[in-house]
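The data block below is final_11.pdb; it holds PDB, C-alpha atoms.
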```pdb
ATOM      1  CA  MET B   1     -29.179 -10.230 -16.334
ATOM      2  CA  TYR B   2     -26.768 -12.591 -14.606
ATOM      3  CA  THR B   3     -27.100 -16.382 -14.701
ATOM      4  CA  TYR B   4     -25.693 -16.747 -11.181
ATOM      5  CA  ASP B   5     -26.359 -14.620  -8.131
ATOM      6  CA  MET B   6     -23.432 -13.337  -6.077
ATOM      7  CA  GLU B   7     -23.762 -15.871  -3.268
ATOM      8  CA  GLU B   8     -23.758 -18.710  -5.805
ATOM      9  CA  LEU B   9     -20.691 -17.283  -7.532
ATOM     10  CA  TYR B  10     -18.929 -16.897  -4.183
ATOM     11  CA  GLN B  11     -19.662 -20.532  -3.279
ATOM     12  CA  ILE B  12     -18.450 -21.761  -6.685
ATOM     13  CA  THR B  13     -15.276 -19.694  -6.277
ATOM     14  CA  VAL B  14     -14.526 -21.111  -2.814
ATOM     15  CA  GLU B  15     -15.246 -24.673  -3.997
ATOM     16  CA  ARG B  16     -12.969 -24.337  -7.029
ATOM     17  CA  LEU B  17     -10.175 -22.884  -4.928
ATOM     18  CA  GLU B  18     -10.534 -25.739  -2.452
ATOM     19  CA  ALA B  19     -10.478 -28.253  -5.327
ATOM     20  CA  ARG B  20      -7.015 -26.869  -6.154
ATOM     21  CA  GLY B  21      -5.922 -27.245  -2.525
ATOM     22  CA  ILE B  22      -6.394 -23.583  -1.614
ATOM     23  CA  SER B  23      -8.395 -22.948   1.547
ATOM     24  CA  LEU B  24      -9.552 -19.558   2.756
ATOM     25  CA  ARG B  25      -7.497 -20.172   5.881
ATOM     26  CA  SER B  26      -4.324 -20.739   3.832
ATOM     27  CA  ILE B  27      -4.849 -17.327   2.240
ATOM     28  CA  ALA B  28      -5.698 -15.807   5.639
ATOM     29  CA  GLU B  29      -2.401 -17.123   7.025
ATOM     30  CA  ILE B  30      -0.595 -14.939   4.500
ATOM     31  CA  VAL B  31      -2.721 -11.951   5.533
ATOM     32  CA  PHE B  32      -1.806 -12.611   9.159
ATOM     33  CA  GLU B  33       1.911 -12.728   8.295
ATOM     34  CA  LEU B  34       1.661  -9.455   6.385
ATOM     35  CA  GLN B  35      -0.232  -7.594   9.108
ATOM     36  CA  ARG B  36       0.732  -9.086  12.470
ATOM     37  CA  ASP B  37       3.414  -6.489  13.196
ATOM     38  CA  TYR B  38       0.998  -3.582  12.671
ATOM     39  CA  GLY B  39      -1.610  -4.208  15.345
ATOM     40  CA  GLU B  40      -3.416  -6.866  17.284
ATOM     41  CA  ILE B  41      -5.215  -9.125  14.847
ATOM     42  CA  THR B  42      -6.690 -12.582  14.948
ATOM     43  CA  MET B  43      -6.800 -15.330  12.375
ATOM     44  CA  ASP B  44     -10.596 -15.003  12.362
ATOM     45  CA  GLN B  45     -10.260 -11.352  11.322
ATOM     46  CA  CYS B  46      -7.921 -12.397   8.522
ATOM     47  CA  VAL B  47     -10.366 -15.058   7.298
ATOM     48  CA  GLU B  48     -13.176 -12.470   7.368
ATOM     49  CA  GLN B  49     -11.088 -10.111   5.240
ATOM     50  CA  VAL B  50     -10.338 -12.869   2.711
ATOM     51  CA  GLN B  51     -14.048 -13.681   2.533
ATOM     52  CA  ALA B  52     -14.901 -10.016   1.988
ATOM     53  CA  VAL B  53     -12.403  -9.713  -0.867
ATOM     54  CA  LEU B  54     -13.648 -12.940  -2.442
ATOM     55  CA  LYS B  55     -17.242 -11.718  -2.339
ATOM     56  CA  LYS B  56     -16.483  -8.803  -4.666
ATOM     57  CA  ARG B  57     -17.704  -9.378  -8.231
ATOM     58  CA  GLU B  58     -14.376  -8.244  -9.711
ATOM     59  CA  THR B  59     -12.499 -10.725  -7.534
ATOM     60  CA  ILE B  60     -14.813 -13.604  -8.368
ATOM     61  CA  HIS B  61     -14.401 -12.901 -12.071
ATOM     62  CA  ALA B  62     -10.612 -12.796 -11.804
ATOM     63  CA  VAL B  63     -10.373 -15.977  -9.681
ATOM     64  CA  LEU B  64     -12.678 -18.019 -11.895
ATOM     65  CA  THR B  65     -10.917 -16.773 -15.039
ATOM     66  CA  ALA B  66      -7.478 -17.626 -13.619
ATOM     67  CA  LEU B  67      -8.584 -21.108 -12.632
ATOM     68  CA  ALA B  68     -10.142 -21.662 -16.070
ATOM     69  CA  ILE B  69      -7.013 -20.511 -17.917
ATOM     70  CA  ASP B  70      -4.722 -22.711 -15.826
ATOM     71  CA  ARG B  71      -7.033 -25.708 -16.272
ATOM     72  CA  ALA B  72      -7.468 -25.151 -20.022
ATOM     73  CA  THR B  73      -3.704 -24.892 -20.428
ATOM     74  CA  GLN B  74      -3.104 -28.040 -18.409
ATOM     75  CA  GLU B  75      -5.698 -29.940 -20.457
ATOM     76  CA  GLY B  76      -4.175 -28.808 -23.767
ATOM     77  CA  HIS B  77      -6.979 -26.449 -24.806
ATOM     78  CA  ILE B  78      -4.775 -23.375 -25.240
ATOM     79  CA  GLU B  79      -2.903 -22.979 -28.520
ATOM     80  CA  GLU B  80       0.849 -22.605 -28.868
ATOM     81  CA  PRO B  81       2.854 -20.503 -28.348
ATOM     82  CA  VAL B  82       0.665 -19.129 -25.543
ATOM     83  CA  ALA B  83       0.330 -22.588 -23.960
ATOM     84  CA  SER B  84       4.100 -22.835 -23.472
ATOM     85  CA  MET B  85       4.290 -19.308 -22.094
ATOM     86  CA  ILE B  86       1.650 -20.140 -19.495
ATOM     87  CA  ARG B  87       2.842 -23.677 -18.722
ATOM     88  CA  GLU B  88       6.419 -22.486 -18.194
ATOM     89  CA  ASP B  89       5.303 -19.320 -16.358
ATOM     90  CA  GLN B  90       7.773 -17.351 -18.418
ATOM     91  CA  GLY B  91       9.188 -14.364 -16.589
ATOM     92  CA  LEU B  92       8.243 -11.784 -19.182
ATOM     93  CA  TYR B  93       4.732 -13.170 -19.647
ATOM     94  CA  GLY B  94       2.966 -10.749 -17.326
ATOM     95  CA  ILE B  95      -0.660 -11.366 -18.170
ATOM     96  CA  ASP B  96      -1.076 -13.420 -14.991
ATOM     97  CA  GLU B  97       0.032 -10.428 -12.912
ATOM     98  CA  ILE B  98      -2.164  -8.059 -14.922
ATOM     99  CA  LEU B  99      -5.255 -10.153 -14.159
ATOM    100  CA  SER B 100      -4.263 -10.205 -10.476
ATOM    101  CA  LEU B 101      -3.914  -6.433 -10.399
ATOM    102  CA  SER B 102      -7.634  -6.159 -11.130
ATOM    103  CA  ILE B 103      -8.140  -7.419  -7.558
ATOM    104  CA  VAL B 104      -5.331  -5.474  -5.914
ATOM    105  CA  ASN B 105      -6.330  -2.166  -7.503
ATOM    106  CA  ILE B 106      -9.659  -2.227  -5.664
ATOM    107  CA  TYR B 107      -7.786  -1.679  -2.367
ATOM    108  CA  GLY B 108      -5.126   0.925  -3.118
ATOM    109  CA  SER B 109      -1.385   1.296  -2.821
ATOM    110  CA  ILE B 110      -0.959  -0.901   0.275
ATOM    111  CA  GLY B 111      -2.495  -3.758  -1.679
ATOM    112  CA  LEU B 112      -0.162  -3.080  -4.590
ATOM    113  CA  THR B 113       2.998  -3.078  -2.466
ATOM    114  CA  ASN B 114       1.840  -6.198  -0.601
ATOM    115  CA  PHE B 115       1.186  -7.922  -3.936
ATOM    116  CA  GLY B 116       4.653  -7.014  -5.222
ATOM    117  CA  PHE B 117       6.191  -8.445  -2.063
ATOM    118  CA  LEU B 118       4.167 -11.661  -2.275
ATOM    119  CA  ASP B 119       4.876 -12.082  -5.984
ATOM    120  CA  LYS B 120       8.593 -11.882  -5.261
ATOM    121  CA  GLU B 121       8.795 -13.797  -1.964
ATOM    122  CA  LYS B 122       6.225 -16.568  -2.589
ATOM    123  CA  VAL B 123       5.069 -17.310   0.964
ATOM    124  CA  GLY B 124       2.656 -19.914   2.326
ATOM    125  CA  ILE B 125       0.212 -21.429  -0.139
ATOM    126  CA  ILE B 126       1.649 -19.213  -2.892
ATOM    127  CA  LYS B 127       4.985 -20.995  -2.533
ATOM    128  CA  GLU B 128       3.233 -24.378  -2.546
ATOM    129  CA  LEU B 129       1.405 -23.466  -5.760
ATOM    130  CA  ASP B 130       4.621 -22.223  -7.338
ATOM    131  CA  GLU B 131       6.376 -25.489  -6.436
ATOM    132  CA  ARG B 132       3.684 -27.501  -8.252
ATOM    133  CA  LYS B 133       4.898 -26.103 -11.566
ATOM    134  CA  GLY B 134       5.989 -28.895 -13.867
ATOM    135  CA  ARG B 135       3.303 -31.187 -12.457
ATOM    136  CA  GLU B 136       0.394 -28.730 -12.580
ATOM    137  CA  VAL B 137      -0.283 -25.416 -14.288
ATOM    138  CA  THR B 138      -0.578 -22.785 -11.545
ATOM    139  CA  THR B 139       0.652 -19.748 -13.459
ATOM    140  CA  PHE B 140      -2.461 -17.656 -12.940
ATOM    141  CA  ILE B 141      -3.760 -18.980  -9.649
ATOM    142  CA  ASP B 142      -0.581 -18.411  -7.628
ATOM    143  CA  ASP B 143      -0.701 -14.714  -8.521
ATOM    144  CA  ILE B 144      -4.441 -14.531  -7.898
ATOM    145  CA  VAL B 145      -3.992 -15.995  -4.405
ATOM    146  CA  GLY B 146      -1.287 -13.404  -3.766
ATOM    147  CA  ALA B 147      -3.629 -10.665  -4.949
ATOM    148  CA  VAL B 148      -6.473 -11.844  -2.698
ATOM    149  CA  ALA B 149      -4.103 -11.981   0.284
ATOM    150  CA  ALA B 150      -2.662  -8.548  -0.545
ATOM    151  CA  ALA B 151      -6.134  -7.046  -0.916
ATOM    152  CA  ALA B 152      -7.324  -8.619   2.347
ATOM    153  CA  ALA B 153      -4.229  -7.308   4.137
ATOM    154  CA  SER B 154      -4.938  -3.870   2.693
ATOM    155  CA  ARG B 155      -8.535  -3.993   3.958
ATOM    156  CA  LEU B 156      -7.212  -4.910   7.379
ATOM    157  CA  ALA B 157      -4.589  -2.152   7.318
ATOM    158  CA  HIS B 158      -7.205   0.425   6.337
ATOM    159  CA  SER B 159      -9.450  -0.591   9.208
ATOM    160  CA  ASN B 160      -7.758   1.276  12.037
ATOM    161  CA  ASP B 161      -4.811  -1.088  12.398
ATOM    162  CA  GLY B 162      -7.117  -4.077  12.427
ATOM    163  CA  ALA B 163      -9.264  -2.854  15.320
ATOM    164  CA  ASN B 164     -12.491  -2.827  13.296
ATOM    165  CA  PRO B 165     -12.025  -4.784  10.043
ATOM    166  CA  GLN B 166     -15.704  -4.577   9.110
ATOM    167  CA  SER B 167     -15.447  -0.807   8.619
ATOM    168  CA  ILE B 168     -13.881  -1.089   5.155
ATOM    169  CA  GLN B 169     -16.129  -1.847   2.211
TER     170      GLN B 169
END
```

Take the structure in this file and express it as structure tokens.
Amino acid sequence: MYTYDMEELYQITVERLEARGISLRSIAEIVFELQRDYGEITMDQCVEQVQAVLKKRETIHAVLTALAIDRATQEGHIEEPVASMIREDQGLYGIDEILSLSIVNIYGSIGLTNFGFLDKEKVGIIKELDERKGREVTTFIDDIVGAVAAAAASRLAHSNDGANPQSIQ
């Protein structure tokens, strides 16, 4: 038995993202950039895809876990040497990407290649989160945002070039 129903968890997830300065629209803007050359799409379609990805239980779990790890690290609740690895976002510390892949893997190889691109290029809100490093711990959440955007772009790509985004579950 779950303590929270899915709608409650979704609302908590959106609120916690927004508390970190991450709006659904900022994620949707990345989706739009990834998919605009592949068919006629609207920002509303991109927002809908982000919402759909964020409503999946696996995604909610990953987002809330990422936010909790970043916050716990920032507040000094994670022991060394792991705290330094997370705080410094060390290049060979790949656990943040592994958690993010739990979202991307739901939506196939397009999601995976989009995630790799976003992880390397750091666009939109992902870049903003990455630039907060040193002032804020964003090691997990920047990758999670990239994974949500990559998964939403994959959903859109799988939906007949964006013509009917609701067709993908």

Next on the checklist: If we count only C-alpha atoms and set the cut-off at 12 Å, which residues sit around range 43-51 of chain B, ignoring sequence neighbours fewer than 2 positions away in its own chain? Please answer as JSON, numbers by chain.
Outcome noted: {"B": [7, 10, 11, 13, 14, 23, 24, 25, 26, 27, 28, 29, 30, 31, 32, 33, 34, 35, 36, 39, 40, 41, 53, 54, 55, 56, 59, 60, 103, 107, 145, 146, 147, 148, 149, 150, 151, 152, 153, 154, 155, 156, 157, 158, 159, 161, 162, 163, 164, 165, 166, 167, 168, 169]}

All file atoms of range 114-120 of chain B boxed axis-aligned, 8 Å per side, centre plus edges, as AutoDock Vina command-line options:
```
--center_x 4.9 --center_y -9.1 --center_z -3.3 --size_x 23.4 --size_y 21.9 --size_z 21.4
```

Item to check | Distance of CA of Gln90 in chain B from CA of Ile69 in chain B, expressed in Å to one decimal place | outcome: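 Computing the Euclidean distance for CA of Ile69 in chain B and CA of Gln90 in chain B yields 15.1 Å.
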
Item to check | Close residues, range 130-141 of chain B itself excluded, 6 Å, only C-alpha atoms, min 5 positions apart in chain, as JSON, numbers by chain | outcome: {"B": [66, 70, 74, 87, 89, 96]}

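Closest approach to Ile144 in chain B among B:Ser84, B:Glu75, B:Glu128, B:Leu64: B:Leu64, based on only C-alpha atoms.
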
Checklist entry - For Gly124 in chain B, which residue among B:Met1, B:Ile22, B:Val104, B:Leu99 is the nearest when counting all atoms listed in the file? => result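 Nearest candidate to Gly124 in chain B out of B:Met1, B:Ile22, B:Val104, B:Leu99: B:Ile22.
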
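Distance annotation: of B:Leu101, B:Val82, B:His77, B:Arg57, the residue with the minimal separation from Tyr4 in chain B is B:Arg57; atom set is only C-alpha atoms.
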
Next on the checklist: Would you compute the distance between CA of Ser100 in chain B and CA of Asp142 in chain B? Give it in Å to one decimal.
Outcome noted: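 We find that CA of Ser100 in chain B and CA of Asp142 in chain B lie 9.4 Å from each other.
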
Next on the checklist: Just to confirm, what's the straight-line distance from CA of Tyr38 in chain B to CA of Glu97 in chain B in Å (one decimal)?
Outcome noted: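 Result for CA of Tyr38 in chain B versus CA of Glu97 in chain B: 26.5 Å, one decimal.
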
Could I get range 9-22 of chain B rebuilt with N, CA, C and O atoms, written as a CSV table (one decimal), in the frame of the given file?
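Wrote it out as selection_27.csv, contents follow:
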```csv
chain,number,residue,atom,x,y,z
B,9,LEU,N,-22.0,-17.5,-7.0
B,9,LEU,CA,-20.7,-17.3,-7.5
B,9,LEU,C,-19.6,-17.4,-6.5
B,9,LEU,O,-18.5,-18.0,-6.7
B,10,TYR,N,-19.9,-16.8,-5.3
B,10,TYR,CA,-18.9,-16.9,-4.2
B,10,TYR,C,-18.7,-18.4,-3.8
B,10,TYR,O,-17.6,-18.8,-3.6
B,11,GLN,N,-19.8,-19.1,-3.7
B,11,GLN,CA,-19.7,-20.5,-3.3
B,11,GLN,C,-18.9,-21.3,-4.3
B,11,GLN,O,-18.0,-22.2,-4.0
B,12,ILE,N,-19.2,-21.1,-5.6
B,12,ILE,CA,-18.4,-21.8,-6.7
B,12,ILE,C,-17.0,-21.4,-6.6
B,12,ILE,O,-16.1,-22.3,-6.8
B,13,THR,N,-16.7,-20.1,-6.4
B,13,THR,CA,-15.3,-19.7,-6.3
B,13,THR,C,-14.5,-20.4,-5.1
B,13,THR,O,-13.4,-20.9,-5.3
B,14,VAL,N,-15.1,-20.5,-4.0
B,14,VAL,CA,-14.5,-21.1,-2.8
B,14,VAL,C,-14.3,-22.6,-3.1
B,14,VAL,O,-13.3,-23.2,-2.8
B,15,GLU,N,-15.3,-23.2,-3.7
B,15,GLU,CA,-15.2,-24.7,-4.0
B,15,GLU,C,-14.1,-25.0,-5.0
B,15,GLU,O,-13.4,-25.9,-4.8
B,16,ARG,N,-14.0,-24.1,-6.0
B,16,ARG,CA,-13.0,-24.3,-7.0
B,16,ARG,C,-11.6,-24.1,-6.5
B,16,ARG,O,-10.6,-24.8,-6.8
B,17,LEU,N,-11.5,-23.1,-5.6
B,17,LEU,CA,-10.2,-22.9,-4.9
B,17,LEU,C,-9.8,-24.1,-4.1
B,17,LEU,O,-8.7,-24.6,-4.2
B,18,GLU,N,-10.8,-24.6,-3.3
B,18,GLU,CA,-10.5,-25.7,-2.5
B,18,GLU,C,-10.2,-27.0,-3.3
B,18,GLU,O,-9.4,-27.8,-2.9
B,19,ALA,N,-10.8,-27.1,-4.4
B,19,ALA,CA,-10.5,-28.3,-5.3
B,19,ALA,C,-9.0,-28.2,-5.8
B,19,ALA,O,-8.4,-29.3,-6.1
B,20,ARG,N,-8.4,-27.0,-5.8
B,20,ARG,CA,-7.0,-26.9,-6.2
B,20,ARG,C,-6.1,-26.9,-4.9
B,20,ARG,O,-4.9,-26.6,-5.0
B,21,GLY,N,-6.7,-27.2,-3.8
B,21,GLY,CA,-5.9,-27.2,-2.5
B,21,GLY,C,-5.7,-25.9,-1.9
B,21,GLY,O,-4.8,-25.8,-1.1
B,22,ILE,N,-6.5,-24.9,-2.2
B,22,ILE,CA,-6.4,-23.6,-1.6
B,22,ILE,C,-7.6,-23.3,-0.7
B,22,ILE,O,-8.7,-23.1,-1.2
```
